[in-house]
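Have a look at start_6.cif below; it lists mmCIF, C-alpha atoms.
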data_final
#
loop_
_atom_site.label_atom_id
_atom_site.label_comp_id
_atom_site.auth_asym_id
_atom_site.auth_seq_id
_atom_site.Cartn_x
_atom_site.Cartn_y
_atom_site.Cartn_z
CA MET A 356 -14.87 -23.53 1.37
CA PHE A 357 -11.81 -25.39 2.73
CA ALA A 358 -10.73 -26.45 -0.77
CA TYR A 359 -11.19 -22.87 -1.98
CA ILE A 360 -8.91 -21.53 0.80
CA VAL A 361 -6.28 -24.20 0.09
CA ARG A 362 -6.21 -23.26 -3.61
CA ARG A 363 -5.81 -19.59 -2.75
CA LEU A 364 -3.01 -20.29 -0.27
CA ALA A 365 -1.17 -22.43 -2.83
CA LEU A 366 -1.49 -19.65 -5.38
CA MET A 367 -0.13 -17.17 -2.80
CA LEU A 368 2.91 -19.36 -2.22
CA VAL A 369 3.67 -19.74 -5.93
CA THR A 370 3.22 -16.00 -6.45
CA LEU A 371 5.58 -15.08 -3.62
CA VAL A 372 8.26 -17.48 -4.89
CA GLY A 373 8.03 -15.94 -8.36
CA ILE A 374 8.18 -12.41 -6.93
CA SER A 375 11.22 -13.26 -4.79
CA ILE A 376 13.10 -14.48 -7.88
CA ILE A 377 12.19 -11.38 -9.89
CA ILE A 378 13.19 -9.05 -7.04
CA PHE A 379 16.54 -10.77 -6.54
CA VAL A 380 17.46 -10.96 -10.21
CA LEU A 381 16.45 -7.37 -11.00
CA LEU A 382 18.54 -5.99 -8.15
CA ARG A 383 21.58 -7.88 -9.44
CA VAL A 384 21.25 -6.92 -13.11
CA VAL A 385 21.09 -3.18 -12.32
CA PRO A 386 24.54 -1.67 -13.09
CA GLY A 387 26.62 -0.90 -10.00
CA ASN A 388 26.47 -2.23 -6.46
CA ILE A 389 27.26 -1.06 -2.94
CA VAL A 390 30.98 -1.78 -3.42
CA ASP A 391 31.14 0.40 -6.56
CA ILE A 392 29.29 3.21 -4.79
CA LEU A 393 31.58 3.11 -1.74
CA PHE A 394 34.77 3.14 -3.82
CA ASP A 395 33.46 5.87 -6.14
CA ALA A 396 32.63 8.02 -3.12
CA ALA A 397 36.14 7.50 -1.78
CA GLY A 398 37.61 8.70 -5.07
CA PHE A 399 39.94 5.75 -5.66
CA VAL A 400 39.66 2.05 -6.46
CA ASP A 401 41.99 -0.57 -5.03
CA PRO A 402 41.22 -3.84 -6.88
CA THR A 403 42.39 -5.97 -3.96
CA ASP A 404 40.33 -4.11 -1.37
CA LYS A 405 37.34 -4.13 -3.70
CA ALA A 406 37.59 -7.89 -4.23
CA ASN A 407 37.96 -8.47 -0.48
CA LEU A 408 34.87 -6.37 0.26
CA GLU A 409 32.82 -8.19 -2.40
CA LYS A 410 33.91 -11.49 -0.87
CA GLU A 411 33.00 -10.28 2.63
CA LEU A 412 29.54 -9.23 1.45
CA GLY A 413 29.05 -12.43 -0.54
CA LEU A 414 28.69 -10.55 -3.85
CA ASN A 415 31.33 -12.74 -5.52
CA LEU A 416 29.17 -15.87 -5.20
CA PRO A 417 27.05 -17.14 -8.11
CA ILE A 418 23.66 -15.43 -8.21
CA TYR A 419 21.74 -18.63 -7.51
CA VAL A 420 23.86 -19.26 -4.39
CA GLN A 421 23.16 -15.72 -3.19
CA TYR A 422 19.43 -16.29 -3.78
CA LEU A 423 19.38 -19.60 -1.89
CA ASN A 424 21.29 -18.02 0.99
CA TRP A 425 18.73 -15.20 1.14
CA ILE A 426 15.70 -17.52 1.01
CA GLY A 427 17.27 -19.84 3.59
CA GLY A 428 17.80 -16.87 5.89
CA LEU A 429 14.22 -15.67 5.38
CA LEU A 430 12.83 -19.06 6.35
CA GLN A 431 14.90 -18.93 9.55
CA GLY A 432 13.99 -15.32 10.33
CA ASP A 433 17.46 -14.03 9.37
CA LEU A 434 17.18 -11.11 6.94
CA GLY A 435 20.90 -10.46 6.77
CA TYR A 436 22.82 -7.31 7.60
CA SER A 437 22.55 -3.83 6.14
CA TYR A 438 25.58 -3.02 4.00
CA VAL A 439 25.42 0.65 5.04
CA SER A 440 24.71 0.61 8.79
CA GLU A 441 26.17 -2.89 9.36
CA LYS A 442 23.18 -3.65 11.61
CA PRO A 443 20.78 -6.59 11.22
CA ALA A 444 18.24 -5.81 8.50
CA LEU A 445 15.43 -6.92 10.80
CA GLN A 446 16.56 -4.40 13.41
CA GLU A 447 16.48 -1.63 10.80
CA ILE A 448 13.09 -2.59 9.31
CA LEU A 449 10.95 -3.56 12.33
CA PRO A 450 10.76 -0.10 14.02
CA ARG A 451 9.56 1.46 10.75
CA ILE A 452 6.75 -1.01 9.99
CA PRO A 453 4.28 0.29 12.65
CA ILE A 454 4.77 3.87 11.42
CA THR A 455 3.84 3.03 7.83
CA ALA A 456 1.11 0.62 8.96
CA ARG A 457 -0.61 3.32 11.05
CA LEU A 458 -0.40 5.82 8.23
CA ALA A 459 -1.71 3.36 5.63
CA ALA A 460 -4.53 2.11 7.90
CA LEU A 461 -5.66 5.64 8.69
CA ALA A 462 -5.55 6.61 5.00
CA LEU A 463 -7.57 3.51 4.07
CA LEU A 464 -10.10 4.20 6.82
CA PHE A 465 -10.43 7.78 5.60
CA SER A 466 -10.94 6.69 1.99
CA ALA A 467 -13.62 4.12 2.88
CA ALA A 468 -15.42 6.33 5.41
CA ILE A 469 -15.59 9.22 2.93
CA GLY A 470 -15.75 7.45 -0.43
CA ILE A 471 -18.55 4.92 0.19
CA PRO A 472 -21.18 7.26 1.75
CA LEU A 473 -20.51 10.02 -0.78
CA GLY A 474 -20.66 7.49 -3.63
CA VAL A 475 -24.05 6.28 -2.43
CA LEU A 476 -25.23 9.86 -2.00
CA SER A 477 -24.11 10.77 -5.52
CA ALA A 478 -25.86 7.74 -7.05
CA VAL A 479 -29.11 8.30 -5.17
CA HIS A 480 -29.22 11.96 -6.29
CA GLN A 481 -28.08 11.28 -9.85
CA GLY A 482 -28.23 14.35 -12.09
CA SER A 483 -28.67 16.80 -9.22
CA ARG A 484 -26.36 19.67 -8.30
CA LEU A 485 -25.08 17.60 -5.38
CA ASP A 486 -24.19 14.79 -7.79
CA TYR A 487 -22.26 17.15 -10.07
CA ALA A 488 -20.45 18.70 -7.10
CA LEU A 489 -19.41 15.30 -5.76
CA ARG A 490 -18.26 14.18 -9.20
CA ILE A 491 -16.07 17.26 -9.46
CA VAL A 492 -14.58 16.47 -6.05
CA SER A 493 -13.87 12.89 -7.11
CA LEU A 494 -12.25 13.99 -10.36
CA SER A 495 -10.12 16.45 -8.40
CA GLY A 496 -8.99 13.68 -6.09
CA LEU A 497 -7.96 11.50 -9.04
CA SER A 498 -6.17 14.39 -10.74
CA LEU A 499 -4.17 15.87 -7.85
CA PRO A 500 -0.82 14.14 -7.15
CA SER A 501 -0.42 13.27 -3.47
CA PHE A 502 2.95 15.05 -3.19
CA TRP A 503 1.46 18.29 -4.55
CA LEU A 504 -1.54 18.02 -2.26
CA GLY A 505 0.79 17.37 0.67
CA LEU A 506 2.81 20.49 -0.15
CA LEU A 507 -0.43 22.50 -0.38
CA ILE A 508 -1.47 21.24 3.05
CA LEU A 509 1.91 22.20 4.51
CA MET A 510 1.77 25.69 2.98
CA ALA A 511 -1.82 26.20 4.13
CA SER A 512 -0.87 25.09 7.64
CA VAL A 513 1.99 27.58 7.77
CA SER A 514 -0.22 30.36 6.35
CA LEU A 515 -3.14 29.76 8.73
CA PHE A 516 -1.46 28.56 11.93
CA GLY A 517 2.11 29.75 11.55
CA SER A 518 3.52 26.22 11.78
CA MET A 519 3.43 22.88 10.00
CA PRO A 520 2.70 19.38 11.31
CA ILE A 521 5.98 17.82 12.47
CA TYR A 522 6.44 14.11 13.09
CA ASN A 523 6.98 13.25 16.75
CA PRO A 524 8.12 9.67 17.47
CA ASN A 525 6.88 9.88 21.09
CA PRO A 526 3.48 11.59 21.23
CA LYS A 527 2.21 12.22 24.76
CA THR A 528 -1.49 11.60 24.08
CA TRP A 529 -3.54 9.65 21.54
CA THR A 530 -4.96 12.93 20.21
CA GLU A 531 -1.45 14.16 19.47
CA ALA A 532 -0.63 10.83 17.78
CA PHE A 533 -3.81 11.07 15.72
CA ALA A 534 -2.98 14.63 14.66
CA ILE A 535 0.52 13.55 13.57
CA TYR A 536 -0.82 10.87 11.21
CA ALA A 537 -4.16 12.46 10.21
CA VAL A 538 -2.81 15.17 7.92
CA PRO A 539 -0.51 12.94 5.77
CA ALA A 540 -3.18 10.20 5.82
CA MET A 541 -5.74 12.60 4.36
CA ALA A 542 -3.24 13.77 1.75
CA VAL A 543 -2.57 10.25 0.47
CA GLY A 544 -6.09 8.96 1.17
CA PHE A 545 -7.85 11.68 -0.81
CA ARG A 546 -7.11 9.92 -4.09
CA SER A 547 -8.30 6.57 -2.73
CA ALA A 548 -11.46 8.21 -1.41
CA ALA A 549 -12.14 9.72 -4.83
CA LEU A 550 -11.66 6.38 -6.58
CA THR A 551 -13.84 4.59 -4.02
CA MET A 552 -16.53 7.24 -4.49
CA ARG A 553 -16.63 6.82 -8.27
CA ILE A 554 -16.70 3.01 -8.12
CA THR A 555 -19.44 3.08 -5.47
CA ARG A 556 -21.49 5.49 -7.55
CA SER A 557 -21.16 3.44 -10.75
CA SER A 558 -21.97 0.18 -9.00
CA MET A 559 -24.92 1.69 -7.15
CA LEU A 560 -26.39 3.16 -10.35
CA GLU A 561 -26.33 -0.27 -11.98
CA ILE A 562 -28.00 -1.93 -8.98
CA LEU A 563 -30.64 0.78 -8.53
CA ARG A 564 -31.97 -0.03 -12.02
CA GLN A 565 -32.64 -3.68 -11.13
CA ASP A 566 -36.18 -5.07 -10.85
CA TYR A 567 -35.85 -6.19 -7.22
CA ILE A 568 -35.08 -2.58 -6.20
CA ARG A 569 -38.35 -1.42 -7.78
CA THR A 570 -40.10 -4.33 -6.06
CA ALA A 571 -38.69 -3.28 -2.68
CA ARG A 572 -39.94 0.26 -3.21
CA ALA A 573 -43.33 -1.04 -4.33
CA LYS A 574 -43.60 -3.03 -1.09
CA GLY A 575 -43.16 0.18 0.88
CA ALA A 576 -39.55 -0.18 1.98
CA SER A 577 -37.96 3.07 3.14
CA GLU A 578 -35.37 4.82 0.98
CA ALA A 579 -32.67 4.14 3.56
CA SER A 580 -33.52 0.43 3.54
CA VAL A 581 -33.58 0.31 -0.26
CA ASN A 582 -30.30 2.22 -0.67
CA TYR A 583 -28.23 0.61 2.06
CA ARG A 584 -29.78 -2.78 2.83
CA HIS A 585 -30.68 -3.85 -0.70
CA ALA A 586 -28.65 -1.75 -3.17
CA LEU A 587 -25.36 -1.17 -1.36
CA LYS A 588 -25.17 -4.78 -0.15
CA ASN A 589 -25.24 -5.99 -3.74
CA ALA A 590 -23.06 -3.17 -5.09
CA ILE A 591 -20.27 -3.60 -2.55
CA LEU A 592 -18.22 -6.30 -4.36
CA PRO A 593 -16.50 -3.95 -6.83
CA VAL A 594 -15.91 -1.49 -3.97
CA ILE A 595 -14.22 -4.22 -1.91
CA THR A 596 -11.95 -4.94 -4.89
CA VAL A 597 -10.93 -1.30 -5.13
CA ILE A 598 -10.33 -1.00 -1.39
CA GLY A 599 -8.18 -4.14 -1.45
CA ILE A 600 -6.11 -2.84 -4.36
CA GLU A 601 -5.75 0.56 -2.70
CA ALA A 602 -4.63 -1.08 0.55
CA ALA A 603 -1.75 -2.66 -1.36
CA PHE A 604 -1.08 0.49 -3.39
CA LEU A 605 -0.85 2.69 -0.29
CA ILE A 606 2.34 1.00 0.88
CA GLY A 607 4.14 2.02 -2.31
CA GLY A 608 2.21 5.29 -2.63
CA LEU A 609 3.42 6.42 0.79
CA ILE A 610 6.97 6.90 -0.51
CA VAL A 611 6.31 10.48 -1.60
CA THR A 612 4.04 11.28 1.35
CA GLU A 613 6.55 10.08 3.94
CA THR A 614 9.24 12.13 2.22
CA VAL A 615 7.13 15.31 2.07
CA PHE A 616 6.05 15.06 5.71
CA ASN A 617 9.45 13.75 6.91
CA ILE A 618 8.01 10.53 8.35
CA PRO A 619 10.60 7.77 8.95
CA GLY A 620 8.52 4.90 7.65
CA VAL A 621 9.21 1.84 5.51
CA ALA A 622 8.50 3.56 2.18
CA ARG A 623 10.98 6.39 2.75
CA PHE A 624 13.59 3.96 4.06
CA LEU A 625 13.22 1.92 0.86
CA VAL A 626 14.16 4.94 -1.26
CA GLU A 627 17.27 5.54 0.84
CA ALA A 628 18.27 1.87 0.60
CA LEU A 629 17.82 1.90 -3.19
CA ARG A 630 20.11 4.90 -3.48
CA TRP A 631 22.87 3.01 -1.65
CA ARG A 632 22.19 -0.37 -3.33
CA ASP A 633 21.71 -1.83 0.16
CA TYR A 634 20.58 -5.22 -1.16
CA PRO A 635 19.48 -6.88 2.11
CA ILE A 636 17.28 -3.89 2.99
CA VAL A 637 15.86 -3.37 -0.50
CA GLN A 638 15.01 -6.99 -1.28
CA ASN A 639 13.45 -7.57 2.14
CA LEU A 640 11.38 -4.38 1.99
CA VAL A 641 10.17 -5.09 -1.54
CA MET A 642 9.35 -8.64 -0.45
CA LEU A 643 7.41 -7.20 2.49
CA ILE A 644 5.41 -5.00 0.13
CA ALA A 645 4.79 -8.02 -2.11
CA VAL A 646 3.48 -9.99 0.88
CA VAL A 647 1.15 -7.12 1.77
CA VAL A 648 -0.18 -7.02 -1.80
CA VAL A 649 -0.70 -10.79 -1.95
CA VAL A 650 -2.37 -10.90 1.47
CA ALA A 651 -4.62 -7.98 0.52
CA ASN A 652 -5.73 -9.83 -2.61
CA PHE A 653 -6.26 -13.02 -0.60
CA THR A 654 -8.38 -11.10 1.91
CA VAL A 655 -10.47 -9.66 -0.92
CA ASP A 656 -10.99 -13.18 -2.33
CA MET A 657 -12.13 -14.42 1.09
CA LEU A 658 -14.52 -11.49 1.48
CA TYR A 659 -15.91 -12.22 -1.97
CA ALA A 660 -16.52 -15.84 -1.04
CA ALA A 661 -18.10 -14.85 2.27
CA ILE A 662 -20.45 -12.30 0.68
CA ASP A 663 -21.31 -14.29 -2.44
CA PRO A 664 -21.08 -18.11 -1.97
CA ARG A 665 -21.46 -18.62 -5.72
CA ILE A 666 -17.91 -17.41 -6.26
CA ARG A 667 -16.12 -20.27 -4.50
CA TYR A 668 -18.21 -22.86 -6.32
CA GLY A 669 -17.61 -21.30 -9.72
CA ASP A 670 -13.91 -20.69 -9.16
#

In C-alpha cells, write the structure found in this file.
Amino acid sequence: MFAYIVRRLALMLVTLVGISIIIFVLLRVVPGNIVDILFDAAGFVDPTDKANLEKELGLNLPIYVQYLNWIGGLLQGDLGYSYVSEKPALQEILPRIPITARLAALALLFSAAIGIPLGVLSAVHQGSRLDYALRIVSLSGLSLPSFWLGLLILMASVSLFGSMPIYNPNPKTWTEAFAIYAVPAMAVGFRSAALTMRITRSSMLEILRQDYIRTARAKGASEASVNYRHALKNAILPVITVIGIEAAFLIGGLIVTETVFNIPGVARFLVEALRWRDYPIVQNLVMLIAVVVVVANFTVDMLYAAIDPRIRYGD
C-alpha cells in the first residue's frame, strides 16, 4: 500500500508541474495583457509609460523567467500582487475560498444523498412506474443547465414568497447560513444528483444479476440486506468515480451559479480576473482548481484501493 501511495503522489507532482506550465503559457499567448487593457481604457497610449508599467509588472522579462519567478513565489507562499487592486493575491483569494468550498460541499452532499438512494430504488424496481418516473427526473437533471435552473428558482421564489435569496456574508444563525447556501447548492447539485442516480442504477442492475445475489436471496437474506449490504457495496466503485469527478467539476461549474446568485466566491472572482487579464489572480486560481481536481482523483484512487485491495496490486 505504501508503494502504491508513493506512485500516486509522484504522479500528482508531475501532473501539477505540467498543468502549471500549460496555465502560464496559455495566459501569455492570449492577445492583450493588463497593460494594453489599462491604456485602451484611458483612450491614449504613451509608449514610454507603457514600457515602464510593463517593466514594473515584470511583463518585459522572458517568459521562462516569469514562470520561474511565479513557481519560486508559490513554493515560498508568495502568490504575487493583483494588477488591478494592487493587493497581495493571497489576500484577495483566501476570503473567497471558504465561500466556494461550502457551496461545493453542500452541492456534493446533496447530489450523493439524493442520487445514490434514488438510483438504488430505481434499480430495485426496474420497469415499474417508479423507475420510469425516476429516470425522467434524472434525464431532466442532465438536460437542464444550472444557470437556467437557478433563474427558475429565483423567479419561483419571487412569485411565491415575494423575495429572492440574497447572499449575506455575516449570517446570524447556522439555519440562516444553511438557507443562504442551500438554494444555489441544489441548483448546481441537481445535475450531479441526476448523474449519480443514473450511474448507481446502471451499476446496481449489473450487480443484481450476479449469482451471489441469487445465492444471498436463496439463503433467506432480507431485501434490504441484499440491496445495500451485498449489491450496493459491490456497485459503489463506479459511483465513487463519478462523485470524485463531480467534486472537481463543481469548482468550475460554480462560475455560473455564483454569478446568478451574486455569491462572491472563487469561481466568480476568476471570471472577473480573466476579464482584466489579472495574471497573478488567474494563474493562482486556475492552479488552485487544478490542485482540487488532482486531489479529488487521488482521493478516489485511495478509496478504490481501500475498498478493493486487488486494485493496488494490479496497478

**Fill in**
One decimal place gives the CA of Ile554 (chain A)-CA of Gly575 (chain A) separation as 28.1 Å

Proximity check region 440-543 of chain A to region 559-574 of chain A, 12 Å, nearest pairs one decimal Å, all atoms listed in the file, as a Markdown table:
| residue | atom | partner | partner_atom | distance |
| --- | --- | --- | --- | --- |
| A:Ile471 | CA | A:Met559 | CA | 10.2 |
| A:Pro472 | CA | A:Met559 | CA | 11.1 |
| A:Leu473 | CA | A:Met559 | CA | 11.4 |
| A:Gly474 | CA | A:Met559 | CA | 8.0 |
| A:Val475 | CA | A:Met559 | CA | 6.6 |
| A:Leu476 | CA | A:Met559 | CA | 9.7 |
| A:Ser477 | CA | A:Met559 | CA | 9.3 |
| A:Ala478 | CA | A:Leu560 | CA | 5.7 |
| A:Val479 | CA | A:Leu560 | CA | 7.8 |
| A:His480 | CA | A:Leu560 | CA | 10.1 |
| A:Gln481 | CA | A:Leu560 | CA | 8.3 |
| A:Gly482 | CA | A:Leu560 | CA | 11.5 |

Once the PyMOL selection byres ((chain A and resi 432-434) around 8) has been evaluated on this model, what residues remain selected, and can you format them as a compact mmCIF listing (two decimals) with C-alpha atoms, keeping the file's coordinate frame?
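Just written: selection-v1.txt:
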# COMPACT_ATOMS: atom_id res chain seq x y z
CA TRP A 425 18.73 -15.20 1.14
CA GLY A 428 17.80 -16.87 5.89
CA LEU A 429 14.22 -15.67 5.38
CA LEU A 430 12.83 -19.06 6.35
CA GLN A 431 14.90 -18.93 9.55
CA GLY A 435 20.90 -10.46 6.77
CA TYR A 436 22.82 -7.31 7.60
CA PRO A 443 20.78 -6.59 11.22
CA ALA A 444 18.24 -5.81 8.50
CA LEU A 445 15.43 -6.92 10.80
CA PRO A 635 19.48 -6.88 2.11
CA ASN A 639 13.45 -7.57 2.14

**Message:** Using all atoms listed in the file for the distances, tell me which of A:Val581, A:Ala549, A:Ile610, A:Val646 is nearest to Ala468 (chain A).
**Reply:**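 Going through A:Val581, A:Ala549, A:Ile610, A:Val646 one by one, the smallest distance to Ala468 (chain A) is for A:Ala549.
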
**Prompt:** Within 12 Å of (-8.3, 16.9, -4.9), only C-alpha atoms: residues as number ranges by chain?
**Reply:** A: 489-505, 507-508, 541-550

**Request:** Would you mind reading off the distance between CA of Asn652 (chain A) and CA of Ala459 (chain A), one decimal, in Å?
**Result:** 16.1 Å

Shell of 9 Å around region 363-372 of chain A, all atoms listed in the file, local chain residues under 2 positions omitted, as an mmCIF file with C-alpha atoms, keeping the file's coordinate frame:
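Output (selection-v1.cif):
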data_model
loop_
_atom_site.group_PDB
_atom_site.id
_atom_site.type_symbol
_atom_site.label_atom_id
_atom_site.label_comp_id
_atom_site.auth_asym_id
_atom_site.auth_seq_id
_atom_site.Cartn_x
_atom_site.Cartn_y
_atom_site.Cartn_z
ATOM 1 C CA ALA A 358 -10.730 -26.450 -0.770
ATOM 2 C CA TYR A 359 -11.190 -22.870 -1.980
ATOM 3 C CA ILE A 360 -8.910 -21.530 0.800
ATOM 4 C CA VAL A 361 -6.280 -24.200 0.090
ATOM 5 C CA ILE A 374 8.180 -12.410 -6.930
ATOM 6 C CA SER A 375 11.220 -13.260 -4.790
ATOM 7 C CA ILE A 376 13.100 -14.480 -7.880
ATOM 8 C CA ILE A 377 12.190 -11.380 -9.890
ATOM 9 C CA MET A 642 9.350 -8.640 -0.450
ATOM 10 C CA ALA A 645 4.790 -8.020 -2.110
ATOM 11 C CA VAL A 646 3.480 -9.990 0.880
ATOM 12 C CA VAL A 649 -0.700 -10.790 -1.950
ATOM 13 C CA VAL A 650 -2.370 -10.900 1.470
ATOM 14 C CA PHE A 653 -6.260 -13.020 -0.600
ATOM 15 C CA ASP A 656 -10.990 -13.180 -2.330
#

**Item:** Pick from A:Leu629, A:Leu464, A:Val648, A:Ala488 nearest to Gly599 (chain A), counting all atoms listed in the file
**Value:**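 Of all the options, A:Val648 lies closest to Gly599 (chain A).
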
**Contacts of Phe616 (chain A) at 10 Å (only C-alpha atoms; same-chain gap of 3+ positions) as an MDAnalysis selection string** = chainID A and resid 502 505:506 509 519:522 535:536 538:539 611:613 619

Output C-alpha atoms for every residue in that selection, as a short mmCIF file (atom, residue, chain, number, x, y, z; two decimals), in the frame of the given file.
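Wrote it out as result.cif, contents follow:
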data_model
loop_
_atom_site.label_atom_id
_atom_site.label_comp_id
_atom_site.auth_asym_id
_atom_site.auth_seq_id
_atom_site.Cartn_x
_atom_site.Cartn_y
_atom_site.Cartn_z
CA PHE A 502 2.95 15.05 -3.19
CA GLY A 505 0.79 17.37 0.67
CA LEU A 506 2.81 20.49 -0.15
CA LEU A 509 1.91 22.20 4.51
CA MET A 519 3.43 22.88 10.00
CA PRO A 520 2.70 19.38 11.31
CA ILE A 521 5.98 17.82 12.47
CA TYR A 522 6.44 14.11 13.09
CA ILE A 535 0.52 13.55 13.57
CA TYR A 536 -0.82 10.87 11.21
CA VAL A 538 -2.81 15.17 7.92
CA PRO A 539 -0.51 12.94 5.77
CA VAL A 611 6.31 10.48 -1.60
CA THR A 612 4.04 11.28 1.35
CA GLU A 613 6.55 10.08 3.94
CA PRO A 619 10.60 7.77 8.95
#

**Item:** Atomic distance CA of Ile448 (chain A) - CA of Leu381 (chain A), expressed in Å with one decimal
**Value:** 21.1 Å

**Asked** Of the residues A:Met510, A:Ile452, A:Ile600, A:Thr551, which is the one nearest to Val615 (chain A), using all atoms listed in the file?
**Response**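 Among the listed residues, the smallest separation from Val615 (chain A) belongs to A:Met510.
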
**Request:** Go through the shown structure with the PyMOL selection byres ((chain A and resi 593) around 10) and write out the matching residues as a list in words.
**Result:**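 Applying the PyMOL selection byres ((chain A and resi 593) around 10) to the structure shown produces Thr551, Ile554, Thr555, Ser557, Ser558, Asn589, Ala590, Ile591, Leu592, Val594, Ile595, Thr596, Val597, Ile598, Gly599 and Tyr659 of chain A.
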
**Request:** For the structure provided, state which residues fall under the PyMOL selection byres ((chain A and resi 457) around 12), and present them as a PyMOL selection string.
**Result:** chain A and resi 451-456+458-464+532-533+535-537+539-540+605-606+609+618+620-621
